[in-house]
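Shown next: run_28.pdb, given as PDB, C-alpha atoms.
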```
ATOM      1  CA  MET A   1     -44.158  52.071 -19.558
ATOM      2  CA  SER A   2     -41.790  54.722 -20.893
ATOM      3  CA  SER A   3     -44.638  57.203 -21.428
ATOM      4  CA  ALA A   4     -45.736  56.712 -17.815
ATOM      5  CA  TRP A   5     -42.295  57.793 -16.595
ATOM      6  CA  THR A   6     -42.761  61.213 -18.200
ATOM      7  CA  ASP A   7     -46.375  61.679 -17.101
ATOM      8  CA  VAL A   8     -46.765  64.911 -15.128
ATOM      9  CA  ALA A   9     -48.861  63.312 -12.373
ATOM     10  CA  TRP A  10     -46.399  60.442 -11.946
ATOM     11  CA  ARG A  11     -43.435  62.814 -11.706
ATOM     12  CA  ARG A  12     -45.281  64.931  -9.137
ATOM     13  CA  GLU A  13     -45.948  61.867  -6.983
ATOM     14  CA  ALA A  14     -42.394  60.552  -7.339
ATOM     15  CA  LEU A  15     -40.814  63.905  -6.516
ATOM     16  CA  GLY A  16     -43.122  64.302  -3.547
ATOM     17  CA  TRP A  17     -41.682  61.068  -2.147
ATOM     18  CA  VAL A  18     -38.141  62.162  -2.983
ATOM     19  CA  ASP A  19     -38.636  65.500  -1.238
ATOM     20  CA  ASP A  20     -40.057  63.776   1.841
ATOM     21  CA  GLN A  21     -36.988  61.531   2.039
ATOM     22  CA  LEU A  22     -34.580  64.415   1.516
ATOM     23  CA  ARG A  23     -36.226  66.422   4.305
ATOM     24  CA  ARG A  24     -35.872  63.399   6.572
ATOM     25  CA  LEU A  25     -32.184  63.214   5.653
ATOM     26  CA  GLY A  26     -31.637  66.944   6.088
ATOM     27  CA  ARG A  27     -30.734  67.321   2.396
ATOM     28  CA  PRO A  28     -33.484  69.424   0.762
ATOM     29  CA  ARG A  29     -33.638  69.793  -2.998
ATOM     30  CA  VAL A  30     -31.982  72.974  -4.297
ATOM     31  CA  GLY A  31     -32.502  72.988  -8.047
ATOM     32  CA  ALA A  32     -34.145  71.566 -11.118
ATOM     33  CA  VAL A  33     -34.540  67.808 -11.526
ATOM     34  CA  ALA A  34     -33.228  66.065 -14.653
ATOM     35  CA  GLN A  35     -34.398  62.767 -16.135
ATOM     36  CA  PRO A  36     -31.376  61.352 -17.984
ATOM     37  CA  HIS A  37     -32.595  57.777 -18.283
ATOM     38  CA  VAL A  38     -36.005  56.684 -19.609
ATOM     39  CA  ARG A  39     -36.496  53.062 -20.611
ATOM     40  CA  PRO A  40     -39.653  50.963 -20.937
ATOM     41  CA  TRP A  41     -38.703  49.131 -17.715
ATOM     42  CA  SER A  42     -37.257  51.933 -15.549
ATOM     43  CA  THR A  43     -36.332  55.570 -15.230
ATOM     44  CA  VAL A  44     -33.796  57.636 -13.307
ATOM     45  CA  LEU A  45     -34.023  61.200 -12.020
ATOM     46  CA  THR A  46     -31.076  63.270 -10.801
ATOM     47  CA  VAL A  47     -31.914  65.565  -7.921
ATOM     48  CA  PRO A  48     -29.553  68.361  -6.793
ATOM     49  CA  THR A  49     -29.065  68.969  -3.074
ATOM     50  CA  ALA A  50     -26.775  71.328  -1.175
ATOM     51  CA  THR A  51     -24.430  68.411  -0.428
ATOM     52  CA  GLY A  52     -24.358  66.940  -3.917
ATOM     53  CA  PRO A  53     -26.734  65.150  -6.257
ATOM     54  CA  VAL A  54     -28.864  62.145  -5.374
ATOM     55  CA  TRP A  55     -30.363  59.644  -7.800
ATOM     56  CA  PHE A  56     -33.921  58.375  -7.842
ATOM     57  CA  LYS A  57     -34.743  55.136  -9.649
ATOM     58  CA  ALA A  58     -38.198  53.749 -10.415
ATOM     59  CA  ALA A  59     -38.702  50.262 -11.832
ATOM     60  CA  GLY A  60     -41.570  48.648 -13.696
ATOM     61  CA  PRO A  61     -43.395  45.563 -12.390
ATOM     62  CA  GLY A  62     -40.938  43.035 -13.809
ATOM     63  CA  THR A  63     -37.904  44.443 -11.989
ATOM     64  CA  ALA A  64     -39.438  46.183  -8.970
ATOM     65  CA  TYR A  65     -37.925  43.525  -6.675
ATOM     66  CA  GLU A  66     -34.634  45.438  -6.922
ATOM     67  CA  ALA A  67     -35.857  47.782  -4.189
ATOM     68  CA  ARG A  68     -36.488  44.931  -1.742
ATOM     69  CA  LEU A  69     -33.210  43.311  -2.704
ATOM     70  CA  LEU A  70     -31.101  46.427  -2.142
ATOM     71  CA  ARG A  71     -32.805  47.107   1.176
ATOM     72  CA  GLU A  72     -31.885  43.650   2.469
ATOM     73  CA  LEU A  73     -28.381  43.657   1.017
ATOM     74  CA  ALA A  74     -27.751  46.862   2.952
ATOM     75  CA  VAL A  75     -29.153  45.344   6.150
ATOM     76  CA  TRP A  76     -26.866  42.335   5.681
ATOM     77  CA  GLY A  77     -23.837  44.589   5.270
ATOM     78  CA  THR A  78     -23.128  43.303   1.760
ATOM     79  CA  ARG A  79     -19.907  44.606   0.242
ATOM     80  CA  MET A  80     -19.664  46.232  -3.193
ATOM     81  CA  ILE A  81     -23.196  47.641  -3.320
ATOM     82  CA  LEU A  82     -24.232  51.269  -3.393
ATOM     83  CA  GLU A  83     -26.445  51.468  -0.315
ATOM     84  CA  PRO A  84     -29.713  53.331  -0.918
ATOM     85  CA  LEU A  85     -30.635  56.371   1.128
ATOM     86  CA  ALA A  86     -34.310  55.395   1.044
ATOM     87  CA  VAL A  87     -36.459  52.580  -0.321
ATOM     88  CA  GLU A  88     -40.139  52.347  -1.229
ATOM     89  CA  PRO A  89     -40.441  48.593  -1.869
ATOM     90  CA  ASP A  90     -44.130  48.521  -2.790
ATOM     91  CA  ARG A  91     -43.546  50.857  -5.722
ATOM     92  CA  GLY A  92     -40.032  49.763  -6.623
ATOM     93  CA  TRP A  93     -38.521  53.160  -5.807
ATOM     94  CA  LEU A  94     -34.955  53.775  -4.684
ATOM     95  CA  LEU A  95     -33.020  56.881  -3.686
ATOM     96  CA  PHE A  96     -29.228  56.679  -3.923
ATOM     97  CA  PRO A  97     -26.300  58.910  -3.062
ATOM     98  CA  ASP A  98     -24.013  59.855  -5.898
ATOM     99  CA  GLY A  99     -21.804  56.838  -6.610
ATOM    100  CA  GLY A 100     -18.905  58.671  -8.212
ATOM    101  CA  THR A 101     -17.287  57.739 -11.520
ATOM    102  CA  ARG A 102     -18.505  54.775 -13.538
ATOM    103  CA  LEU A 103     -15.877  52.319 -14.667
ATOM    104  CA  ARG A 104     -17.019  52.957 -18.263
ATOM    105  CA  ASP A 105     -16.213  56.643 -17.955
ATOM    106  CA  ARG A 106     -12.893  55.982 -16.262
ATOM    107  CA  LEU A 107     -11.891  53.572 -19.047
ATOM    108  CA  ALA A 108     -12.956  55.934 -21.866
ATOM    109  CA  GLY A 109     -13.655  53.095 -24.290
ATOM    110  CA  ALA A 110     -10.867  50.733 -23.255
ATOM    111  CA  ALA A 111     -11.590  47.135 -22.237
ATOM    112  CA  GLY A 112     -10.181  47.611 -18.747
ATOM    113  CA  VAL A 113      -8.630  44.175 -18.277
ATOM    114  CA  ALA A 114      -6.572  45.295 -15.260
ATOM    115  CA  GLU A 115      -9.614  46.856 -13.589
ATOM    116  CA  TRP A 116     -11.763  43.769 -14.168
ATOM    117  CA  ARG A 117      -9.063  41.566 -12.686
ATOM    118  CA  ARG A 118      -9.624  43.588  -9.507
ATOM    119  CA  VAL A 119     -13.424  43.775  -9.628
ATOM    120  CA  LEU A 120     -14.286  40.194 -10.568
ATOM    121  CA  PRO A 121     -12.692  38.250  -7.672
ATOM    122  CA  ALA A 122     -14.087  40.748  -5.168
ATOM    123  CA  TYR A 123     -17.563  40.285  -6.661
ATOM    124  CA  ALA A 124     -17.078  36.504  -6.562
ATOM    125  CA  GLU A 125     -16.441  36.737  -2.821
ATOM    126  CA  VAL A 126     -19.730  38.603  -2.443
ATOM    127  CA  GLN A 127     -21.500  35.800  -4.300
ATOM    128  CA  ARG A 128     -19.865  33.164  -2.128
ATOM    129  CA  GLY A 129     -20.986  34.962   0.995
ATOM    130  CA  LEU A 130     -24.587  35.251  -0.200
ATOM    131  CA  ALA A 131     -24.975  31.607  -1.226
ATOM    132  CA  ARG A 132     -26.320  30.720   2.220
ATOM    133  CA  ARG A 133     -29.096  33.279   1.710
ATOM    134  CA  ALA A 134     -30.376  31.900  -1.620
ATOM    135  CA  GLY A 135     -33.714  30.903  -0.114
ATOM    136  CA  GLU A 136     -34.158  34.288   1.551
ATOM    137  CA  LEU A 137     -33.401  36.041  -1.719
ATOM    138  CA  VAL A 138     -36.077  34.048  -3.530
ATOM    139  CA  GLU A 139     -38.551  34.937  -0.774
ATOM    140  CA  LEU A 140     -37.774  38.613  -1.441
ATOM    141  CA  GLY A 141     -38.969  38.136  -5.002
ATOM    142  CA  VAL A 142     -35.603  37.760  -6.703
ATOM    143  CA  PRO A 143     -36.313  35.425  -9.662
ATOM    144  CA  ASP A 144     -35.487  31.784  -9.000
ATOM    145  CA  LEU A 145     -33.276  30.630 -11.853
ATOM    146  CA  ARG A 146     -31.504  27.891  -9.944
ATOM    147  CA  PRO A 147     -30.480  25.032 -12.262
ATOM    148  CA  GLY A 148     -33.318  22.719 -11.279
ATOM    149  CA  SER A 149     -35.951  25.248 -12.338
ATOM    150  CA  MET A 150     -34.426  26.186 -15.674
ATOM    151  CA  PRO A 151     -35.586  23.384 -18.023
ATOM    152  CA  GLY A 152     -39.250  24.016 -17.240
ATOM    153  CA  LEU A 153     -38.806  27.769 -17.552
ATOM    154  CA  PHE A 154     -37.003  27.326 -20.864
ATOM    155  CA  ALA A 155     -39.776  25.120 -22.259
ATOM    156  CA  ARG A 156     -42.379  27.730 -21.295
ATOM    157  CA  LEU A 157     -40.480  30.696 -22.677
ATOM    158  CA  VAL A 158     -39.986  29.131 -26.110
ATOM    159  CA  ASP A 159     -43.768  29.261 -26.637
ATOM    160  CA  GLU A 160     -44.339  32.728 -25.192
ATOM    161  CA  PRO A 161     -45.448  35.379 -27.720
ATOM    162  CA  VAL A 162     -42.867  37.824 -26.331
ATOM    163  CA  ALA A 163     -40.122  35.537 -27.670
ATOM    164  CA  GLY A 164     -41.227  36.432 -31.196
ATOM    165  CA  LEU A 165     -39.795  33.240 -32.657
ATOM    166  CA  ALA A 166     -40.497  31.721 -36.042
ATOM    167  CA  GLU A 167     -42.042  28.262 -35.795
ATOM    168  CA  SER A 168     -38.893  26.716 -37.257
ATOM    169  CA  ASP A 169     -36.817  28.257 -34.472
ATOM    170  CA  ARG A 170     -39.317  27.100 -31.853
ATOM    171  CA  GLY A 171     -38.867  23.584 -33.214
ATOM    172  CA  ARG A 172     -35.090  23.813 -33.032
ATOM    173  CA  LEU A 173     -35.257  25.045 -29.446
ATOM    174  CA  ARG A 174     -37.729  22.367 -28.363
ATOM    175  CA  ALA A 175     -35.386  19.740 -29.832
ATOM    176  CA  LEU A 176     -32.584  21.205 -27.715
ATOM    177  CA  LEU A 177     -34.481  20.736 -24.445
ATOM    178  CA  PRO A 178     -32.940  17.311 -23.569
ATOM    179  CA  ASP A 179     -29.437  18.739 -23.956
ATOM    180  CA  TYR A 180     -30.399  21.849 -22.012
ATOM    181  CA  SER A 181     -31.837  19.732 -19.202
ATOM    182  CA  ARG A 182     -28.570  17.788 -19.078
ATOM    183  CA  TRP A 183     -26.538  20.992 -18.813
ATOM    184  CA  CYS A 184     -28.738  22.175 -15.953
ATOM    185  CA  ALA A 185     -28.308  18.844 -14.172
ATOM    186  CA  GLU A 186     -24.538  19.203 -14.521
ATOM    187  CA  LEU A 187     -24.699  22.645 -12.924
ATOM    188  CA  ALA A 188     -26.920  21.377 -10.108
ATOM    189  CA  SER A 189     -24.361  18.672  -9.304
ATOM    190  CA  SER A 190     -21.294  20.898  -9.771
ATOM    191  CA  GLY A 191     -20.776  21.464  -6.065
ATOM    192  CA  ILE A 192     -21.056  25.255  -6.516
ATOM    193  CA  ALA A 193     -24.055  26.583  -4.629
ATOM    194  CA  PRO A 194     -26.569  28.949  -6.271
ATOM    195  CA  SER A 195     -26.304  32.547  -5.164
ATOM    196  CA  LEU A 196     -27.145  36.092  -6.174
ATOM    197  CA  GLN A 197     -26.121  36.663  -9.780
ATOM    198  CA  HIS A 198     -26.156  40.245 -11.096
ATOM    199  CA  ASP A 199     -26.667  39.076 -14.718
ATOM    200  CA  ASP A 200     -25.813  42.439 -16.285
ATOM    201  CA  LEU A 201     -22.376  43.165 -14.862
ATOM    202  CA  HIS A 202     -20.562  45.465 -17.290
ATOM    203  CA  ASP A 203     -18.518  48.644 -17.095
ATOM    204  CA  GLY A 204     -21.635  50.823 -17.096
ATOM    205  CA  ASN A 205     -22.878  49.226 -13.872
ATOM    206  CA  VAL A 206     -19.761  49.650 -11.734
ATOM    207  CA  PHE A 207     -18.707  52.748  -9.836
ATOM    208  CA  SER A 208     -14.947  52.473  -9.806
ATOM    209  CA  GLY A 209     -12.386  53.616  -7.297
ATOM    210  CA  PRO A 210      -9.291  55.331  -8.676
ATOM    211  CA  ALA A 211      -6.242  53.223  -9.452
ATOM    212  CA  GLY A 212      -3.954  52.532  -6.525
ATOM    213  CA  ASP A 213      -4.035  50.964  -3.096
ATOM    214  CA  GLY A 214      -7.498  50.422  -1.704
ATOM    215  CA  ALA A 215      -9.221  50.857  -5.089
ATOM    216  CA  ALA A 216     -11.125  47.580  -4.643
ATOM    217  CA  ASP A 217     -12.677  48.905  -1.432
ATOM    218  CA  ARG A 218     -14.246  51.753  -3.422
ATOM    219  CA  ASP A 219     -15.689  49.685  -6.271
ATOM    220  CA  ARG A 220     -19.472  49.527  -6.144
ATOM    221  CA  ILE A 221     -21.792  47.450  -8.344
ATOM    222  CA  PHE A 222     -25.195  48.970  -9.066
ATOM    223  CA  ASP A 223     -28.314  48.410 -11.200
ATOM    224  CA  TRP A 224     -29.386  45.051  -9.759
ATOM    225  CA  GLY A 225     -32.662  45.037 -11.716
ATOM    226  CA  ASP A 226     -31.646  41.918 -13.665
ATOM    227  CA  ALA A 227     -30.364  40.055 -10.595
ATOM    228  CA  VAL A 228     -31.440  36.454 -10.103
ATOM    229  CA  VAL A 229     -30.752  33.523  -7.816
ATOM    230  CA  ALA A 230     -28.843  31.187 -10.084
ATOM    231  CA  HIS A 231     -25.578  29.376 -10.572
ATOM    232  CA  PRO A 232     -23.092  32.171  -9.880
ATOM    233  CA  PHE A 233     -20.825  31.488 -12.858
ATOM    234  CA  GLY A 234     -23.504  32.564 -15.346
ATOM    235  CA  THR A 235     -22.585  36.134 -14.491
ATOM    236  CA  LEU A 236     -19.595  35.870 -16.843
ATOM    237  CA  LEU A 237     -21.824  35.697 -19.910
ATOM    238  CA  ALA A 238     -22.745  39.391 -19.904
ATOM    239  CA  THR A 239     -19.439  40.519 -18.416
ATOM    240  CA  LEU A 240     -17.039  38.826 -20.810
ATOM    241  CA  ARG A 241     -19.137  39.736 -23.845
ATOM    242  CA  SER A 242     -19.158  43.360 -22.792
ATOM    243  CA  ILE A 243     -15.405  43.423 -22.215
ATOM    244  CA  ALA A 244     -14.731  41.752 -25.578
ATOM    245  CA  SER A 245     -16.951  44.299 -27.338
ATOM    246  CA  ARG A 246     -14.760  47.152 -26.109
ATOM    247  CA  ASP A 247     -11.656  45.914 -27.924
ATOM    248  CA  ALA A 248     -11.829  43.885 -31.128
ATOM    249  CA  THR A 249      -8.167  42.893 -30.692
ATOM    250  CA  LEU A 250      -8.767  41.347 -27.294
ATOM    251  CA  GLY A 251      -7.939  37.666 -27.597
ATOM    252  CA  ARG A 252      -9.342  34.559 -26.000
ATOM    253  CA  SER A 253      -6.310  34.366 -23.719
ATOM    254  CA  GLU A 254      -7.132  37.727 -22.099
ATOM    255  CA  LEU A 255     -10.732  36.658 -21.525
ATOM    256  CA  THR A 256      -9.521  33.366 -20.072
ATOM    257  CA  ARG A 257      -7.337  35.258 -17.613
ATOM    258  CA  LEU A 258     -10.354  37.267 -16.523
ATOM    259  CA  ARG A 259     -12.326  34.051 -16.087
ATOM    260  CA  ASP A 260      -9.472  32.714 -13.960
ATOM    261  CA  ALA A 261      -9.412  35.875 -11.831
ATOM    262  CA  TYR A 262     -13.135  35.505 -11.185
ATOM    263  CA  LEU A 263     -12.764  31.814 -10.304
ATOM    264  CA  GLU A 264      -9.824  32.297  -7.953
ATOM    265  CA  PRO A 265     -11.952  32.412  -4.758
ATOM    266  CA  TRP A 266     -13.481  29.030  -5.635
ATOM    267  CA  THR A 267     -10.119  27.287  -6.103
ATOM    268  CA  THR A 268     -10.079  26.614  -2.365
ATOM    269  CA  ASP A 269     -13.064  24.306  -2.950
ATOM    270  CA  GLN A 270     -12.427  22.674  -6.330
ATOM    271  CA  PRO A 271      -9.559  22.184  -8.790
ATOM    272  CA  ARG A 272      -9.404  24.736 -11.558
ATOM    273  CA  PRO A 273     -10.083  22.301 -14.460
ATOM    274  CA  ALA A 274     -13.427  21.353 -12.887
ATOM    275  CA  LEU A 275     -14.283  25.016 -12.372
ATOM    276  CA  ASN A 276     -13.406  25.827 -15.974
ATOM    277  CA  GLU A 277     -15.730  23.121 -17.245
ATOM    278  CA  THR A 278     -18.528  24.374 -14.998
ATOM    279  CA  VAL A 279     -18.088  27.884 -16.409
ATOM    280  CA  ARG A 280     -18.577  26.596 -19.948
ATOM    281  CA  THR A 281     -21.810  24.895 -18.921
ATOM    282  CA  ALA A 282     -23.004  27.939 -16.972
ATOM    283  CA  LEU A 283     -22.476  30.171 -20.006
ATOM    284  CA  ARG A 284     -24.660  27.888 -22.123
ATOM    285  CA  VAL A 285     -27.427  27.782 -19.529
ATOM    286  CA  GLY A 286     -27.099  31.512 -18.911
ATOM    287  CA  ALA A 287     -28.324  32.478 -22.364
ATOM    288  CA  VAL A 288     -31.823  31.450 -21.280
ATOM    289  CA  GLY A 289     -31.384  33.483 -18.110
ATOM    290  CA  ARG A 290     -30.689  36.561 -20.227
ATOM    291  CA  ALA A 291     -33.829  35.844 -22.259
ATOM    292  CA  PHE A 292     -35.811  35.779 -19.012
ATOM    293  CA  ALA A 293     -34.248  39.085 -17.982
ATOM    294  CA  TRP A 294     -35.726  40.687 -21.082
ATOM    295  CA  GLU A 295     -39.086  39.036 -20.522
ATOM    296  CA  ARG A 296     -39.182  40.554 -17.025
ATOM    297  CA  ALA A 297     -38.012  43.953 -18.233
ATOM    298  CA  LEU A 298     -40.789  44.120 -20.817
ATOM    299  CA  SER A 299     -43.462  42.873 -18.412
ATOM    300  CA  GLY A 300     -46.312  45.355 -18.308
ATOM    301  CA  VAL A 301     -44.976  47.219 -21.336
ATOM    302  CA  PRO A 302     -47.392  47.284 -24.313
ATOM    303  CA  PRO A 303     -45.922  45.485 -27.352
ATOM    304  CA  GLU A 304     -46.058  48.684 -29.391
ATOM    305  CA  ALA A 305     -43.706  50.296 -26.844
ATOM    306  CA  HIS A 306     -41.039  47.565 -27.011
ATOM    307  CA  GLY A 307     -39.238  49.434 -29.784
ATOM    308  CA  ASP A 308     -35.656  48.305 -30.383
ATOM    309  CA  TYR A 309     -35.977  45.720 -27.610
ATOM    310  CA  ALA A 310     -38.801  43.756 -29.229
ATOM    311  CA  GLY A 311     -36.602  40.887 -30.400
ATOM    312  CA  ALA A 312     -34.361  40.602 -27.350
ATOM    313  CA  VAL A 313     -36.018  37.544 -25.771
ATOM    314  CA  GLY A 314     -35.875  35.431 -28.906
ATOM    315  CA  GLU A 315     -32.384  36.596 -29.814
ATOM    316  CA  TRP A 316     -31.018  35.377 -26.493
ATOM    317  CA  LEU A 317     -32.755  32.030 -26.841
ATOM    318  CA  LEU A 318     -31.149  31.553 -30.232
ATOM    319  CA  GLU A 319     -27.756  32.246 -28.654
ATOM    320  CA  LEU A 320     -27.963  28.642 -27.455
ATOM    321  CA  PHE A 321     -26.841  27.641 -30.938
ATOM    322  CA  GLU A 322     -23.793  29.931 -30.896
ATOM    323  CA  PRO A 323     -20.366  29.126 -29.407
ATOM    324  CA  THR A 324     -19.701  30.426 -25.912
ATOM    325  CA  VAL A 325     -17.378  33.396 -25.463
ATOM    326  CA  ILE A 326     -14.691  31.190 -23.862
TER     327      ILE A 326
END
```
Serialized structure, structure tokens:
Amino acid sequence: MSSAWTDVAWRREALGWVDDQLRRLGRPRVGAVAQPHVRPWSTVLTVPTATGPVWFKAAGPGTAYEARLLRELAVWGTRMILEPLAVEPDRGWLLFPDGGTRLRDRLAGAAGVAEWRRVLPAYAEVQRGLARRAGELVELGVPDLRPGSMPGLFARLVDEPVAGLAESDRGRLRALLPDYSRWCAELASSGIAPSLQHDDLHDGNVFSGPAGDGAADRDRIFDWGDAVVAHPFGTLLATLRSIASRDATLGRSELTRLRDAYLEPWTTDQPRPALNETVRTALRVGAVGRAFAWERALSGVPPEAHGDYAGAVGEWLLELFEPTVI
């Protein structure tokens, strides 16, 4: 869909909606619009106003549920989100205020262990609070990747053309299905309820408050286009891999401490050794969740437009044969 995002007629329609919302908010546009982000699955426009820039996001069909999700999270008073100024749920359009400085920019290439030790437990509390709304989230269209649904979804995805797998790899993955089903059953019986799981939580998707007292109150997580209803611990798959990629010298012990910081809110419910074991299982299961994220992102995108992302679905499925990050 990337060519559609730059189509003159589409931009005219999108900016017409943006201008209508800005007039309603008393913040008319005052300058030229930029389009800094164009991907097959989404695009972002930056729109200058007299009181600062606003950000417009449009999503393709596979991730358009983000608009409905953000609208409801705002209604529920959910912490750590960037509340939209306006939402067009039928078209997957969102208008946001400026969120400030991304954690990635604040860190300037560093891993940010201290910052993540602040962000992760606060995010875990958000997940704990939303667990009771898992059914409502699924009704909104957030993909249902709860443990009980995963074996059937995995079996289907292995045979999908978008996975781009060699027949030998399909055979290996099919042979893994009994083990995968067992891992999912372990998650389902772990005593940790499914909840909203961002599934792409890294330093580029966090607006970070400055260091000091109250910084956690100014952290905001954005880009919920990969979000699913799933076992919450699977979120660590993308997060810990991203952190490790920032610093090749970062050892397993530092990643384990970040895992422990994330798990701290759950220690009131279960002993830490049980939680640690559940994390290891969730990371295994989560590789298939990441494969599904790419399938959704590429939904509606012609194969010839997949570009560098063409192999992403199959690559994540094959991660099942690799050791987990912790």
Just the number, please: distance in Å from atom CA of Leu196 of chain A to atom CA of Arg104 of chain A, one decimal. 23.1 Å
How would you write, as an mmCIF file with C-alpha atoms, keeping the file's coordinate frame, the residues chosen by the PyMOL selection byres ((chain A and resi 103) around 12) on this structure?
```cif
data_model
loop_
_atom_site.group_PDB
_atom_site.id
_atom_site.type_symbol
_atom_site.label_atom_id
_atom_site.label_comp_id
_atom_site.auth_asym_id
_atom_site.auth_seq_id
_atom_site.Cartn_x
_atom_site.Cartn_y
_atom_site.Cartn_z
ATOM 1 C CA GLY A 99 -21.804 56.838 -6.610
ATOM 2 C CA GLY A 100 -18.905 58.671 -8.212
ATOM 3 C CA THR A 101 -17.287 57.739 -11.520
ATOM 4 C CA ARG A 102 -18.505 54.775 -13.538
ATOM 5 C CA ARG A 104 -17.019 52.957 -18.263
ATOM 6 C CA ASP A 105 -16.213 56.643 -17.955
ATOM 7 C CA ARG A 106 -12.893 55.982 -16.262
ATOM 8 C CA LEU A 107 -11.891 53.572 -19.047
ATOM 9 C CA ALA A 108 -12.956 55.934 -21.866
ATOM 10 C CA GLY A 109 -13.655 53.095 -24.290
ATOM 11 C CA ALA A 110 -10.867 50.733 -23.255
ATOM 12 C CA ALA A 111 -11.590 47.135 -22.237
ATOM 13 C CA GLY A 112 -10.181 47.611 -18.747
ATOM 14 C CA VAL A 113 -8.630 44.175 -18.277
ATOM 15 C CA ALA A 114 -6.572 45.295 -15.260
ATOM 16 C CA GLU A 115 -9.614 46.856 -13.589
ATOM 17 C CA TRP A 116 -11.763 43.769 -14.168
ATOM 18 C CA ARG A 118 -9.624 43.588 -9.507
ATOM 19 C CA VAL A 119 -13.424 43.775 -9.628
ATOM 20 C CA LEU A 201 -22.376 43.165 -14.862
ATOM 21 C CA HIS A 202 -20.562 45.465 -17.290
ATOM 22 C CA ASP A 203 -18.518 48.644 -17.095
ATOM 23 C CA GLY A 204 -21.635 50.823 -17.096
ATOM 24 C CA ASN A 205 -22.878 49.226 -13.872
ATOM 25 C CA VAL A 206 -19.761 49.650 -11.734
ATOM 26 C CA PHE A 207 -18.707 52.748 -9.836
ATOM 27 C CA SER A 208 -14.947 52.473 -9.806
ATOM 28 C CA GLY A 209 -12.386 53.616 -7.297
ATOM 29 C CA PRO A 210 -9.291 55.331 -8.676
ATOM 30 C CA ALA A 211 -6.242 53.223 -9.452
ATOM 31 C CA ALA A 215 -9.221 50.857 -5.089
ATOM 32 C CA ARG A 218 -14.246 51.753 -3.422
ATOM 33 C CA ASP A 219 -15.689 49.685 -6.271
ATOM 34 C CA ARG A 220 -19.472 49.527 -6.144
ATOM 35 C CA ILE A 221 -21.792 47.450 -8.344
ATOM 36 C CA PHE A 222 -25.195 48.970 -9.066
ATOM 37 C CA ILE A 243 -15.405 43.423 -22.215
#
```
Using all atoms listed in the file, which residues sit within 9 Å of segment 269-282 of chain A once same-chain residues fewer than 5 positions away are excluded, as a list in words?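 Within the cut-off, the hits are Trp183, Cys184, Glu186, Leu187, Ser190, Gly191, Ile192, His231, Pro232, Phe233, Gly234, Thr235, Leu236, Leu237, Arg259, Asp260, Leu263, Glu264, Ala287, Thr324, Val325 and Ile326 of chain A.
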Output file for the residues above (C-alpha atoms, as a compact mmCIF listing (two decimals), keeping the file's coordinate frame):
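Okay, this is what ended up in again09.txt:
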```txt
# COMPACT_ATOMS: atom_id res chain seq x y z
CA TRP A 183 -26.54 20.99 -18.81
CA CYS A 184 -28.74 22.18 -15.95
CA GLU A 186 -24.54 19.20 -14.52
CA LEU A 187 -24.70 22.64 -12.92
CA SER A 190 -21.29 20.90 -9.77
CA GLY A 191 -20.78 21.46 -6.06
CA ILE A 192 -21.06 25.26 -6.52
CA HIS A 231 -25.58 29.38 -10.57
CA PRO A 232 -23.09 32.17 -9.88
CA PHE A 233 -20.82 31.49 -12.86
CA GLY A 234 -23.50 32.56 -15.35
CA THR A 235 -22.58 36.13 -14.49
CA LEU A 236 -19.60 35.87 -16.84
CA LEU A 237 -21.82 35.70 -19.91
CA ARG A 259 -12.33 34.05 -16.09
CA ASP A 260 -9.47 32.71 -13.96
CA LEU A 263 -12.76 31.81 -10.30
CA GLU A 264 -9.82 32.30 -7.95
CA ALA A 287 -28.32 32.48 -22.36
CA THR A 324 -19.70 30.43 -25.91
CA VAL A 325 -17.38 33.40 -25.46
CA ILE A 326 -14.69 31.19 -23.86
```
Using all atoms listed in the file, can you tell me which of A:Gly77, A:Ala244, A:Pro40, A:Trp10 comes closest to Gly307 of chain A?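 Ranking A:Gly77, A:Ala244, A:Pro40, A:Trp10 by distance to Gly307 of chain A, first place goes to A:Pro40.
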Quote the spacing between atom CA of Ala248 of chain A and atom CA of Asp226 of chain A in Å to one decimal place.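 Going from atom CA of Ala248 of chain A over to atom CA of Asp226 of chain A covers 26.5 Å.
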Evaluate the PyMOL selection byres ((chain A and resi 151-157) around 8) and record the selected residues as a PyMOL selection string, following the chain and residue labels used in the document. chain A and resi 147-150+158-160+163+174+177+180-181+184+288+292
From atom CA of Leu73 of chain A to atom CA of Val54 of chain A the spacing works out at 19.6 Å
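Each of A:Thr256, A:Gln127, A:Thr49, A:Ser168 was compared to Asp19 of chain A using all atoms listed in the file, and A:Thr49 turns out to be the nearest.
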Ground truth for the PyMOL selection byres ((chain A and resi 35-38) around 12), written as a ChimeraX atom specification: /A:1-7,11,15,32-34,39-48,55-60
